[in-house]
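Enquirer: input13.pdb is reproduced in full below (PDB, C-alpha atoms).
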ATOM      1  CA  MET A 101     103.370 112.204 101.387
ATOM      2  CA  THR A 102     101.371 115.391 101.071
ATOM      3  CA  THR A 103      98.963 116.549 103.764
ATOM      4  CA  ASP A 104      95.998 115.086 101.848
ATOM      5  CA  ASN A 105      97.718 111.670 101.664
ATOM      6  CA  THR A 106      98.265 112.005  97.922
ATOM      7  CA  PRO A 107     101.560 110.381  96.808
ATOM      8  CA  LEU A 108     104.055 113.032  95.788
ATOM      9  CA  SER A 109     104.658 111.170  92.532
ATOM     10  CA  VAL A 110     101.346 112.382  91.100
ATOM     11  CA  TYR A 111     102.897 115.839  90.869
ATOM     12  CA  LEU A 112     105.700 114.668  88.607
ATOM     13  CA  PRO A 113     105.829 116.374  85.206
ATOM     14  CA  PHE A 114     103.783 114.711  82.448
ATOM     15  CA  ASN A 115     101.074 113.940  85.025
ATOM     16  CA  ARG A 116      98.042 116.137  84.359
ATOM     17  CA  GLU A 117      97.704 116.827  88.092
ATOM     18  CA  VAL A 118     100.617 119.265  87.703
ATOM     19  CA  LEU A 119      98.207 121.610  85.928
ATOM     20  CA  GLY A 120      95.541 121.343  88.610
ATOM     21  CA  ALA A 121      92.114 122.860  88.124
ATOM     22  CA  GLU A 122      93.548 125.388  85.654
ATOM     23  CA  PHE A 123      93.342 122.770  82.882
ATOM     24  CA  THR A 124      90.156 121.300  81.408
ATOM     25  CA  PRO A 125      90.562 118.558  78.765
ATOM     26  CA  GLY A 126      89.082 119.313  75.367
ATOM     27  CA  LYS A 127      87.120 116.083  75.288
ATOM     28  CA  HIS A 128      84.546 117.657  77.601
ATOM     29  CA  GLY A 129      83.100 120.110  75.119
ATOM     30  CA  ALA A 130      83.039 121.579  71.633
ATOM     31  CA  ALA A 131      86.189 123.234  70.296
ATOM     32  CA  PRO A 132      86.191 127.055  70.416
ATOM     33  CA  LYS A 133      85.311 128.733  67.133
ATOM     34  CA  ASP A 134      87.997 131.396  67.607
ATOM     35  CA  GLY A 135      91.384 129.921  66.649
ATOM     36  CA  ASP A 136      93.423 132.158  68.975
ATOM     37  CA  GLY A 137      94.990 130.713  72.134
ATOM     38  CA  HIS A 138      98.126 128.997  73.410
ATOM     39  CA  TRP A 139     100.018 127.052  70.746
ATOM     40  CA  LEU A 140     101.718 123.712  71.386
ATOM     41  CA  LEU A 141     103.901 123.451  68.292
ATOM     42  CA  VAL A 142     105.393 119.940  68.396
ATOM     43  CA  GLN A 143     108.507 119.332  66.303
ATOM     44  CA  GLU A 144     109.540 115.717  66.848
ATOM     45  CA  GLN A 145     110.055 115.648  70.654
ATOM     46  CA  SER A 146     110.456 119.389  71.134
ATOM     47  CA  LEU A 147     108.141 122.349  71.662
ATOM     48  CA  LEU A 148     108.650 125.609  69.813
ATOM     49  CA  VAL A 149     108.487 128.155  72.624
ATOM     50  CA  VAL A 150     109.082 131.828  73.335
ATOM     51  CA  PRO A 151     112.253 132.538  75.379
ATOM     52  CA  ASP A 152     111.559 135.151  78.049
ATOM     53  CA  ALA A 153     114.629 135.951  80.190
ATOM     54  CA  ASP A 154     115.235 132.770  82.202
ATOM     55  CA  ARG A 155     111.924 131.103  81.361
ATOM     56  CA  PHE A 156     109.936 129.838  78.388
ATOM     57  CA  LEU A 157     106.371 130.619  77.355
ATOM     58  CA  LEU A 158     103.963 129.126  74.856
ATOM     59  CA  PRO A 159     103.294 131.309  71.827
ATOM     60  CA  SER A 160      99.850 132.873  72.193
ATOM     61  CA  GLY A 161      97.303 134.678  70.069
ATOM     62  CA  ALA A 162      97.107 133.709  66.417
ATOM     63  CA  CYS A 163      99.075 130.671  65.244
ATOM     64  CA  PRO A 164     102.669 131.790  64.557
ATOM     65  CA  ILE A 165     103.137 129.341  61.673
ATOM     66  CA  ASP A 166     101.272 128.685  58.442
ATOM     67  CA  LEU A 167      98.891 125.792  59.145
ATOM     68  CA  GLU A 168      98.969 124.783  55.468
ATOM     69  CA  ASP A 169      95.259 123.890  55.573
ATOM     70  CA  ARG A 170      95.863 121.590  58.538
ATOM     71  CA  ALA A 171      93.245 121.877  61.286
ATOM     72  CA  PRO A 172      94.860 122.287  64.724
ATOM     73  CA  PHE A 173      93.924 119.812  67.449
ATOM     74  CA  TRP A 174      92.135 121.319  70.459
ATOM     75  CA  LEU A 175      93.762 119.851  73.563
ATOM     76  CA  GLY A 176      91.738 121.758  76.152
ATOM     77  CA  THR A 177      91.678 125.001  78.103
ATOM     78  CA  TRP A 178      94.479 126.193  80.373
ATOM     79  CA  ASN A 179      93.949 129.241  82.584
ATOM     80  CA  GLY A 180      90.866 130.087  80.566
ATOM     81  CA  THR A 181      92.697 130.053  77.220
ATOM     82  CA  PRO A 182      92.321 127.352  74.532
ATOM     83  CA  CYS A 183      95.380 125.183  73.865
ATOM     84  CA  TRP A 184      95.911 124.165  70.248
ATOM     85  CA  VAL A 185      98.269 121.414  69.071
ATOM     86  CA  VAL A 186     100.039 121.537  65.704
ATOM     87  CA  PRO A 187     102.675 119.064  64.426
ATOM     88  CA  VAL A 188     105.673 120.764  62.805
ATOM     89  CA  ALA A 189     107.757 118.905  60.222
ATOM     90  CA  LYS A 190     111.286 118.181  61.438
ATOM     91  CA  ASP A 191     112.852 119.979  58.477
ATOM     92  CA  ARG A 192     110.725 123.098  58.866
ATOM     93  CA  ALA A 193     112.633 126.199  59.971
ATOM     94  CA  CYS A 194     111.782 127.573  63.387
ATOM     95  CA  PRO A 195     109.855 130.872  63.118
ATOM     96  CA  SER A 196     111.554 134.045  64.282
ATOM     97  CA  GLY A 197     111.091 134.674  67.991
ATOM     98  CA  LEU A 198     110.668 130.984  68.816
ATOM     99  CA  GLN A 199     113.162 128.272  69.684
ATOM    100  CA  PRO A 200     112.911 124.497  70.029
ATOM    101  CA  GLN A 201     113.193 123.056  73.526
ATOM    102  CA  THR A 202     113.250 119.312  74.089
ATOM    103  CA  VAL A 203     110.514 117.669  76.136
ATOM    104  CA  VAL A 204     112.723 114.647  76.890
ATOM    105  CA  PRO A 205     114.188 114.645  80.444
ATOM    106  CA  MET A 206     117.208 112.540  79.437
ATOM    107  CA  ARG A 207     118.156 115.208  76.908
ATOM    108  CA  GLY A 208     118.313 117.922  79.548
ATOM    109  CA  THR A 209     114.956 119.616  79.142
ATOM    110  CA  LYS A 210     114.760 123.185  80.421
ATOM    111  CA  LEU A 211     110.978 123.482  80.242
ATOM    112  CA  PRO A 212     108.940 124.012  83.417
ATOM    113  CA  ASP A 213     106.695 121.218  84.642
ATOM    114  CA  THR A 214     103.553 122.909  83.330
ATOM    115  CA  LEU A 215     104.884 123.033  79.766
ATOM    116  CA  LEU A 216     106.273 119.505  80.033
ATOM    117  CA  SER A 217     102.834 118.263  81.057
ATOM    118  CA  LEU A 218     101.043 120.165  78.302
ATOM    119  CA  GLY A 219     103.700 119.144  75.793
ATOM    120  CA  GLY A 220     103.451 115.501  76.844
ATOM    121  CA  MET A 221      99.672 115.516  76.365
ATOM    122  CA  ALA A 222     100.125 117.216  72.994
ATOM    123  CA  MET A 223     102.587 114.537  71.871
ATOM    124  CA  GLN A 224     100.241 111.762  73.004
ATOM    125  CA  ALA A 225      97.306 113.416  71.233
ATOM    126  CA  LEU A 226      99.267 113.580  67.982
ATOM    127  CA  TRP A 227     100.352 109.964  68.386
ATOM    128  CA  TRP A 228      96.728 108.914  68.902
ATOM    129  CA  GLU A 229      95.585 110.956  65.918
ATOM    130  CA  SER A 230      98.276 109.386  63.724
ATOM    131  CA  THR A 231      97.362 105.825  64.723
ATOM    132  CA  SER A 232      93.558 105.992  64.925
ATOM    133  CA  GLY A 233      92.487 107.269  61.530
ATOM    134  CA  PHE A 234      91.177 103.904  60.385
ATOM    135  CA  CYS A 235      89.098 101.222  62.053
ATOM    136  CA  PRO A 236      91.346  98.363  63.277
ATOM    137  CA  ARG A 237      88.499  95.924  62.581
ATOM    138  CA  CYS A 238      87.360  96.766  59.036
ATOM    139  CA  GLY A 239      89.686  99.547  57.806
ATOM    140  CA  GLU A 240      87.025 102.246  57.364
ATOM    141  CA  PRO A 241      88.028 105.868  58.199
ATOM    142  CA  THR A 242      87.031 106.642  61.799
ATOM    143  CA  GLU A 243      85.128 109.540  63.305
ATOM    144  CA  ARG A 244      85.554 111.279  66.658
ATOM    145  CA  ILE A 245      83.073 110.280  69.380
ATOM    146  CA  GLY A 246      81.399 113.398  70.737
ATOM    147  CA  GLY A 247      82.761 114.510  74.115
ATOM    148  CA  GLU A 248      85.512 111.856  74.050
ATOM    149  CA  TRP A 249      89.021 111.270  72.717
ATOM    150  CA  GLY A 250      87.762 107.981  71.271
ATOM    151  CA  LYS A 251      87.031 107.124  67.636
ATOM    152  CA  ARG A 252      84.094 105.224  66.132
ATOM    153  CA  CYS A 253      83.845 103.385  62.860
ATOM    154  CA  PRO A 254      80.769 104.614  60.919
ATOM    155  CA  LYS A 255      80.563 101.266  59.124
ATOM    156  CA  CYS A 256      80.935  98.523  61.754
ATOM    157  CA  LYS A 257      80.419 100.827  64.814
ATOM    158  CA  TYR A 258      83.603  99.594  66.514
ATOM    159  CA  GLU A 259      84.869 102.073  69.124
ATOM    160  CA  HIS A 260      88.416 102.455  70.372
ATOM    161  CA  TYR A 261      90.181 104.898  72.664
ATOM    162  CA  PRO A 262      93.711 106.272  73.173
ATOM    163  CA  HIS A 263      96.075 103.438  73.909
ATOM    164  CA  LEU A 264      98.070 103.718  77.139
ATOM    165  CA  HIS A 265     100.681 100.999  77.607
ATOM    166  CA  PRO A 266     101.263 100.160  81.300
ATOM    167  CA  ALA A 267     104.837  99.372  82.326
ATOM    168  CA  VAL A 268     106.246  98.578  85.759
ATOM    169  CA  ILE A 269     109.503 100.049  87.039
ATOM    170  CA  THR A 270     111.012  98.593  90.187
ATOM    171  CA  LEU A 271     113.700  99.294  92.751
ATOM    172  CA  VAL A 272     114.961  95.998  94.209
ATOM    173  CA  ILE A 273     116.417  96.406  97.702
ATOM    174  CA  ASP A 274     118.369  93.994  99.868
ATOM    175  CA  GLY A 275     119.365  95.679 103.128
ATOM    176  CA  ASP A 276     121.978  98.307 102.310
ATOM    177  CA  ARG A 277     122.247  97.475  98.618
ATOM    178  CA  CYS A 278     120.132  98.003  95.474
ATOM    179  CA  LEU A 279     119.996  96.026  92.240
ATOM    180  CA  LEU A 280     120.371  98.136  89.080
ATOM    181  CA  ALA A 281     120.651  97.270  85.398
ATOM    182  CA  ARG A 282     121.839  98.815  82.148
ATOM    183  CA  LYS A 283     121.248  98.415  78.413
ATOM    184  CA  ALA A 284     124.123  98.248  75.942
ATOM    185  CA  GLU A 285     122.998 101.329  74.004
ATOM    186  CA  TRP A 286     123.026 103.586  77.071
ATOM    187  CA  ALA A 287     125.800 106.047  77.879
ATOM    188  CA  PRO A 288     128.808 104.428  79.603
ATOM    189  CA  GLY A 289     128.251 103.925  83.325
ATOM    190  CA  ARG A 290     124.513 104.602  83.214
ATOM    191  CA  TYR A 291     122.367 102.217  85.287
ATOM    192  CA  ALA A 292     118.653 102.280  86.026
ATOM    193  CA  LEU A 293     115.783 100.434  87.663
ATOM    194  CA  VAL A 294     114.390  97.223  86.206
ATOM    195  CA  ALA A 295     111.383  97.954  83.989
ATOM    196  CA  GLY A 296     109.094  96.268  81.498
ATOM    197  CA  PHE A 297     105.613  96.181  80.012
ATOM    198  CA  VAL A 298     102.649  94.449  81.626
ATOM    199  CA  ASP A 299     101.472  91.298  79.826
ATOM    200  CA  ASN A 300      97.883  90.370  79.005
ATOM    201  CA  GLY A 301      96.126  88.844  82.004
ATOM    202  CA  GLU A 302      98.830  90.009  84.396
ATOM    203  CA  SER A 303      98.524  92.077  87.573
ATOM    204  CA  LEU A 304     100.964  94.921  88.154
ATOM    205  CA  GLU A 305     102.569  93.038  91.056
ATOM    206  CA  GLY A 306     102.809  89.934  88.901
ATOM    207  CA  ALA A 307     104.526  91.955  86.189
ATOM    208  CA  VAL A 308     107.084  93.176  88.736
ATOM    209  CA  ARG A 309     107.935  89.647  89.839
ATOM    210  CA  ARG A 310     108.109  88.340  86.269
ATOM    211  CA  GLU A 311     110.165  91.218  84.847
ATOM    212  CA  VAL A 312     112.710  91.106  87.669
ATOM    213  CA  LYS A 313     113.034  87.326  87.363
ATOM    214  CA  GLU A 314     113.317  87.391  83.566
ATOM    215  CA  GLU A 315     115.733  90.305  83.272
ATOM    216  CA  VAL A 316     118.044  89.918  86.276
ATOM    217  CA  GLY A 317     117.321  86.411  87.558
ATOM    218  CA  VAL A 318     116.309  87.085  91.167
ATOM    219  CA  ASP A 319     113.085  86.634  93.106
ATOM    220  CA  VAL A 320     111.394  89.462  94.989
ATOM    221  CA  LYS A 321     108.831  89.773  97.777
ATOM    222  CA  ASN A 322     106.848  92.518  99.526
ATOM    223  CA  VAL A 323     106.143  94.305  96.256
ATOM    224  CA  THR A 324     104.974  97.798  97.271
ATOM    225  CA  TYR A 325     103.317 100.385  95.036
ATOM    226  CA  VAL A 326     104.926 103.855  95.085
ATOM    227  CA  GLY A 327     103.229 105.960  92.416
ATOM    228  CA  SER A 328     102.771 106.400  88.684
ATOM    229  CA  GLN A 329     103.724 108.740  85.881
ATOM    230  CA  ASN A 330     102.374 109.377  82.435
ATOM    231  CA  TRP A 331     105.282 108.914  80.005
ATOM    232  CA  PRO A 332     104.502 110.289  76.528
ATOM    233  CA  PHE A 333     107.283 108.529  74.596
ATOM    234  CA  PRO A 334     105.046 107.718  72.867
ATOM    235  CA  SER A 335     102.192 106.633  75.177
ATOM    236  CA  GLN A 336     103.147 104.778  78.349
ATOM    237  CA  LEU A 337     102.014 104.739  81.955
ATOM    238  CA  MET A 338     104.972 104.010  84.241
ATOM    239  CA  VAL A 339     103.902 102.350  87.501
ATOM    240  CA  GLY A 340     106.580 102.483  90.213
ATOM    241  CA  PHE A 341     107.295  99.852  92.855
ATOM    242  CA  VAL A 342     109.813  98.939  95.534
ATOM    243  CA  ALA A 343     110.438  95.237  96.161
ATOM    244  CA  GLU A 344     112.607  93.275  98.571
ATOM    245  CA  TYR A 345     115.122  90.701  97.399
ATOM    246  CA  ALA A 346     113.869  87.181  98.136
ATOM    247  CA  GLY A 347     116.650  85.006  96.728
ATOM    248  CA  GLY A 348     118.580  83.873  93.664
ATOM    249  CA  ASP A 349     121.771  84.917  91.909
ATOM    250  CA  VAL A 350     121.927  87.763  89.416
ATOM    251  CA  ALA A 351     121.628  86.349  85.883
ATOM    252  CA  VAL A 352     121.328  88.913  83.094
ATOM    253  CA  ASP A 353     118.979  88.434  80.149
ATOM    254  CA  THR A 354     121.456  89.488  77.459
ATOM    255  CA  ASP A 355     118.662  89.964  74.911
ATOM    256  CA  GLU A 356     117.421  92.863  77.052
ATOM    257  CA  LEU A 357     120.364  94.042  79.160
ATOM    258  CA  GLU A 358     124.125  94.376  79.091
ATOM    259  CA  ASP A 359     124.682  94.216  82.843
ATOM    260  CA  ALA A 360     123.003  94.120  86.248
ATOM    261  CA  ARG A 361     124.649  94.278  89.644
ATOM    262  CA  TRP A 362     124.236  95.210  93.291
ATOM    263  CA  PHE A 363     125.355  98.658  94.441
ATOM    264  CA  PRO A 364     125.649 100.032  97.984
ATOM    265  CA  ARG A 365     122.750 102.388  98.638
ATOM    266  CA  ASP A 366     125.181 105.234  99.378
ATOM    267  CA  GLN A 367     127.184 104.623  96.163
ATOM    268  CA  LEU A 368     124.572 104.390  93.429
ATOM    269  CA  PRO A 369     125.828 105.245  89.899
ATOM    270  CA  ILE A 370     122.729 107.364  89.304
ATOM    271  CA  SER A 371     121.971 111.058  89.418
ATOM    272  CA  PRO A 372     118.229 110.841  90.019
ATOM    273  CA  SER A 373     116.228 113.145  87.759
ATOM    274  CA  ARG A 374     113.399 115.095  89.342
ATOM    275  CA  HIS A 375     111.464 114.580  86.104
ATOM    276  CA  SER A 376     110.884 110.829  86.313
ATOM    277  CA  ILE A 377     109.197 108.261  88.534
ATOM    278  CA  ALA A 378     112.553 106.424  88.583
ATOM    279  CA  GLY A 379     114.259 109.472  90.071
ATOM    280  CA  TYR A 380     111.463 109.881  92.588
ATOM    281  CA  ILE A 381     111.816 106.264  93.723
ATOM    282  CA  ILE A 382     115.605 106.484  94.015
ATOM    283  CA  ARG A 383     115.513 109.740  95.992
ATOM    284  CA  ASN A 384     112.813 108.561  98.382
ATOM    285  CA  PHE A 385     113.536 104.850  98.815
ATOM    286  CA  ALA A 386     117.189 104.207  97.901
ATOM    287  CA  MET A 387     119.124 107.249  99.083
ATOM    288  CA  ARG A 388     117.976 107.130 102.711
TER     289      ARG A 388
END
What would you get if you wrote out this structure as structure tokens?
Expert:
Amino acid sequence: MTTDNTPLSVYLPFNREVLGAEFTPGKHGAAPKDGDGHWLLVQEQSLLVVPDADRFLLPSGACPIDLEDRAPFWLGTWNGTPCWVVPVAKDRACPSGLQPQTVVPMRGTKLPDTLLSLGGMAMQALWWESTSGFCPRCGEPTERIGGEWGKRCPKCKYEHYPHLHPAVITLVIDGDRCLLARKAEWAPGRYALVAGFVDNGESLEGAVRREVKEEVGVDVKNVTYVGSQNWPFPSQLMVGFVAEYAGGDVAVDTDELEDARWFPRDQLPISPSRHSIAGYIIRNFAMR
């Protein structure tokens, strides 16, 4: 815990708190008229950035690529400078002086937490823009609601807002052992925490109990909240928990998983990433 009793997990990359007071979301005001600023050039799941010795910077000033009559998306202001988001086609050559760097932790990202957080918000903004152009009720083209990320239908007046999909991720502990699972498509030997999306009408704690029971067959008790992390792949909110084993034999849901088993807490087949809520949970609650 930090001295102000804020869970450390809020400072994980992709959480806006990483940026602190230096970032103001663009939904709170009108976009700047001057198009100069920081540029979040998103090419699939990478940012096009400026290499500078052993670090990476966002390109700044005028946009370094031809916008091709595409209006950039104003994400907000960081350190007093506007941040503009532009999607870059996957087959478009990277401009001279820039290089692509993945935003995905599992692919070995080298970006600092500030750029991961800005890049994650940029990816979510583009996802929202690509999925909100038409009213889900009547099909009419939507319009932006002033001062909000939301969209409104000018015909039927239906309003909708960026869709965040809550998912629970849980470390199951039984004394000196932890229950981990793996999917068939993962790299050999890779195991992880049990995770799944929250159903309609379900509490977070209820989702933990259901997901663990459905996927690995055991019951849990003393479900304890740890923290949460924005996960922009494409638009999830990962909510972390630790739960105690309450009974039952491991029974794998083979539609979801390839394997699940107990591991001694000092012999976990996991190298916990500092970038994810899963790594935070493992470091702080399993490897003790």
Enquirer: With only C-alpha atoms as the atoms that count, which of A:Ala295, A:Cys183, A:Cys235, A:Leu264 lies nearest to Glu356 (chain A)?
Expert: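 When distances to Glu356 (chain A) are compared using only C-alpha atoms, the smallest one comes from A:Ala295.
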Enquirer: Let me make sure I understand: among A:Ile381, A:Trp178, A:Met223, A:Asp274, which one has the smallest atom-to-atom distance to Ser335 (chain A) if we use only C-alpha atoms?
Expert: A:Met223
Enquirer: From the set A:Ala121, A:Leu279, A:Ile370, A:Ala351, which residue has the shortest atom-to-atom contact distance to Asn179 (chain A), counting all atoms listed in the file?
Expert: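 Among A:Ala121, A:Leu279, A:Ile370, A:Ala351, it is A:Ala121 that comes nearest to Asn179 (chain A).
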Enquirer: Which of these, A:Glu344, A:Asp319, A:Glu122, A:Glu117, has the shortest distance to Ser217 (chain A) once you count only C-alpha atoms?
Expert: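 Nearest to Ser217 (chain A): A:Glu117.
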Enquirer: Would you compute the distance between CA of Val320 (chain A) and CA of Ala307 (chain A)? Give it in Å to one decimal.
Expert: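 Those two atoms sit 11.4 Å apart.
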Enquirer: Check which residues satisfy the PyMOL selection byres ((chain A and resi 315) around 10) in the file shown, then give them as JSON, numbers by chain.
Expert: {"A": [281, 294, 295, 296, 310, 311, 312, 313, 314, 316, 317, 318, 350, 351, 352, 353, 354, 355, 356, 357, 359, 360]}
Enquirer: Only C-alpha atoms, please: the residues just picked out, written as a short mmCIF file (atom, residue, chain, number, x, y, z; two decimals), keeping the file's coordinate frame.
Expert:
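The result, written out as again-v5.cif:
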data_model
loop_
_atom_site.label_atom_id
_atom_site.label_comp_id
_atom_site.auth_asym_id
_atom_site.auth_seq_id
_atom_site.Cartn_x
_atom_site.Cartn_y
_atom_site.Cartn_z
CA ALA A 281 120.65 97.27 85.40
CA VAL A 294 114.39 97.22 86.21
CA ALA A 295 111.38 97.95 83.99
CA GLY A 296 109.09 96.27 81.50
CA ARG A 310 108.11 88.34 86.27
CA GLU A 311 110.16 91.22 84.85
CA VAL A 312 112.71 91.11 87.67
CA LYS A 313 113.03 87.33 87.36
CA GLU A 314 113.32 87.39 83.57
CA VAL A 316 118.04 89.92 86.28
CA GLY A 317 117.32 86.41 87.56
CA VAL A 318 116.31 87.08 91.17
CA VAL A 350 121.93 87.76 89.42
CA ALA A 351 121.63 86.35 85.88
CA VAL A 352 121.33 88.91 83.09
CA ASP A 353 118.98 88.43 80.15
CA THR A 354 121.46 89.49 77.46
CA ASP A 355 118.66 89.96 74.91
CA GLU A 356 117.42 92.86 77.05
CA LEU A 357 120.36 94.04 79.16
CA ASP A 359 124.68 94.22 82.84
CA ALA A 360 123.00 94.12 86.25
#
Enquirer: Return the single residue from A:Gly126, A:Pro151, A:Val268, A:Pro113 that is closest to Glu302 (chain A), with distances computed using all atoms listed in the file.
Expert: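 Checking each candidate against Glu302 (chain A), we get A:Val268 as the closest.
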Enquirer: So how many Å separate CA of Phe123 (chain A) and CA of Glu168 (chain A), to one decimal?
Expert: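 If I compute the distance from CA of Phe123 (chain A) to CA of Glu168 (chain A), I get 28.1 Å.
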Enquirer: Expanded to explicit residues, what is the PyMOL selection byres ((chain A and resi 364) around 6) for this file, as a ChimeraX atom specification?
Expert: /A:276-277,363,365-367
Enquirer: Could you check how far CA of Glu229 (chain A) sits from CA of Ala378 (chain A), in Å to one decimal?
Expert: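 Between these atoms lies a distance of 28.7 Å.
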Enquirer: Place a sphere of radius 12 Å on (101.5, 121.9, 73.6) in the file coordinates and name every protein, DNA or RNA residue with an atom inside or on its surface, counting all atoms listed in the file; give the answer as a PDB file with C-alpha atoms, in the coordinates of the input.
Expert:
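The result, written out as result13.pdb:
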ATOM      1  CA  PHE A 114     103.783 114.711  82.448  1.00  0.00           C
ATOM      2  CA  GLY A 137      94.990 130.713  72.134  1.00  0.00           C
ATOM      3  CA  HIS A 138      98.126 128.997  73.410  1.00  0.00           C
ATOM      4  CA  TRP A 139     100.018 127.052  70.746  1.00  0.00           C
ATOM      5  CA  LEU A 140     101.718 123.712  71.386  1.00  0.00           C
ATOM      6  CA  LEU A 141     103.901 123.451  68.292  1.00  0.00           C
ATOM      7  CA  VAL A 142     105.393 119.940  68.396  1.00  0.00           C
ATOM      8  CA  GLN A 143     108.507 119.332  66.303  1.00  0.00           C
ATOM      9  CA  GLN A 145     110.055 115.648  70.654  1.00  0.00           C
ATOM     10  CA  SER A 146     110.456 119.389  71.134  1.00  0.00           C
ATOM     11  CA  LEU A 147     108.141 122.349  71.662  1.00  0.00           C
ATOM     12  CA  LEU A 148     108.650 125.609  69.813  1.00  0.00           C
ATOM     13  CA  VAL A 149     108.487 128.155  72.624  1.00  0.00           C
ATOM     14  CA  LEU A 157     106.371 130.619  77.355  1.00  0.00           C
ATOM     15  CA  LEU A 158     103.963 129.126  74.856  1.00  0.00           C
ATOM     16  CA  PRO A 159     103.294 131.309  71.827  1.00  0.00           C
ATOM     17  CA  SER A 160      99.850 132.873  72.193  1.00  0.00           C
ATOM     18  CA  PRO A 172      94.860 122.287  64.724  1.00  0.00           C
ATOM     19  CA  PHE A 173      93.924 119.812  67.449  1.00  0.00           C
ATOM     20  CA  TRP A 174      92.135 121.319  70.459  1.00  0.00           C
ATOM     21  CA  LEU A 175      93.762 119.851  73.563  1.00  0.00           C
ATOM     22  CA  GLY A 176      91.738 121.758  76.152  1.00  0.00           C
ATOM     23  CA  THR A 177      91.678 125.001  78.103  1.00  0.00           C
ATOM     24  CA  TRP A 178      94.479 126.193  80.373  1.00  0.00           C
ATOM     25  CA  PRO A 182      92.321 127.352  74.532  1.00  0.00           C
ATOM     26  CA  CYS A 183      95.380 125.183  73.865  1.00  0.00           C
ATOM     27  CA  TRP A 184      95.911 124.165  70.248  1.00  0.00           C
ATOM     28  CA  VAL A 185      98.269 121.414  69.071  1.00  0.00           C
ATOM     29  CA  VAL A 186     100.039 121.537  65.704  1.00  0.00           C
ATOM     30  CA  PRO A 187     102.675 119.064  64.426  1.00  0.00           C
ATOM     31  CA  VAL A 188     105.673 120.764  62.805  1.00  0.00           C
ATOM     32  CA  GLN A 201     113.193 123.056  73.526  1.00  0.00           C
ATOM     33  CA  VAL A 203     110.514 117.669  76.136  1.00  0.00           C
ATOM     34  CA  LEU A 211     110.978 123.482  80.242  1.00  0.00           C
ATOM     35  CA  THR A 214     103.553 122.909  83.330  1.00  0.00           C
ATOM     36  CA  LEU A 215     104.884 123.033  79.766  1.00  0.00           C
ATOM     37  CA  LEU A 216     106.273 119.505  80.033  1.00  0.00           C
ATOM     38  CA  SER A 217     102.834 118.263  81.057  1.00  0.00           C
ATOM     39  CA  LEU A 218     101.043 120.165  78.302  1.00  0.00           C
ATOM     40  CA  GLY A 219     103.700 119.144  75.793  1.00  0.00           C
ATOM     41  CA  GLY A 220     103.451 115.501  76.844  1.00  0.00           C
ATOM     42  CA  MET A 221      99.672 115.516  76.365  1.00  0.00           C
ATOM     43  CA  ALA A 222     100.125 117.216  72.994  1.00  0.00           C
ATOM     44  CA  MET A 223     102.587 114.537  71.871  1.00  0.00           C
ATOM     45  CA  GLN A 224     100.241 111.762  73.004  1.00  0.00           C
ATOM     46  CA  ALA A 225      97.306 113.416  71.233  1.00  0.00           C
ATOM     47  CA  LEU A 226      99.267 113.580  67.982  1.00  0.00           C
TER      48      LEU A 226
END
Enquirer: Given the file shown, enumerate the residues that the PyMOL selection byres ((chain A and resi 198) around 6) captures and present them as a PyMOL selection string.
Expert: chain A and resi 148-150+195-197+199
Enquirer: Considering only C-alpha atoms, return as a count of residues only whatever protein or nucleic-acid residues lie within 8 Å of region 240-252 of chain A, sequence-local ones (same chain, fewer than 6 positions apart) excluded.
Expert: 12
Enquirer: Considering only C-alpha atoms, can you say which of A:Thr181, A:Ser303, A:Ser328, A:Asn322 comes closest to Ala346 (chain A)?
Expert: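 Of all the options, A:Asn322 lies closest to Ala346 (chain A).
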Enquirer: I'd like the neighbourhood of Phe341 (chain A) as a PyMOL selection string, where a residue qualifies if any of its atoms comes within 10 Å (using all atoms listed in the file), though same-chain residues fewer than 3 positions away should be ignored.
Expert: chain A and resi 268-272+293+295+304-305+308+322-328+338+377-378+381+385
Enquirer: Would you mind completing region 311-319 of chain A so that it carries N, CA and C atoms, and writing it out as an mmCIF file, keeping the file's coordinate frame?
Expert:
data_model
loop_
_atom_site.group_PDB
_atom_site.id
_atom_site.type_symbol
_atom_site.label_atom_id
_atom_site.label_comp_id
_atom_site.auth_asym_id
_atom_site.auth_seq_id
_atom_site.Cartn_x
_atom_site.Cartn_y
_atom_site.Cartn_z
ATOM 1 N N GLU A 311 109.123 90.430 85.507
ATOM 2 C CA GLU A 311 110.165 91.218 84.847
ATOM 3 C C GLU A 311 111.499 91.108 85.575
ATOM 4 N N VAL A 312 111.465 91.206 86.905
ATOM 5 C CA VAL A 312 112.710 91.106 87.669
ATOM 6 C C VAL A 312 113.341 89.724 87.482
ATOM 7 N N LYS A 313 112.518 88.687 87.526
ATOM 8 C CA LYS A 313 113.034 87.326 87.363
ATOM 9 C C LYS A 313 113.596 87.125 85.963
ATOM 10 N N GLU A 314 112.872 87.586 84.946
ATOM 11 C CA GLU A 314 113.317 87.391 83.566
ATOM 12 C C GLU A 314 114.575 88.179 83.249
ATOM 13 N N GLU A 315 114.642 89.432 83.709
ATOM 14 C CA GLU A 315 115.733 90.305 83.272
ATOM 15 C C GLU A 315 116.989 90.175 84.111
ATOM 16 N N VAL A 316 116.844 89.968 85.423
ATOM 17 C CA VAL A 316 118.044 89.918 86.276
ATOM 18 C C VAL A 316 118.144 88.653 87.111
ATOM 19 N N GLY A 317 117.170 87.745 86.997
ATOM 20 C CA GLY A 317 117.321 86.411 87.558
ATOM 21 C C GLY A 317 116.978 86.212 89.019
ATOM 22 N N VAL A 318 116.553 87.254 89.735
ATOM 23 C CA VAL A 318 116.309 87.085 91.167
ATOM 24 C C VAL A 318 114.809 87.106 91.456
ATOM 25 N N ASP A 319 114.464 86.600 92.634
ATOM 26 C CA ASP A 319 113.085 86.634 93.106
ATOM 27 C C ASP A 319 112.907 87.813 94.062
#
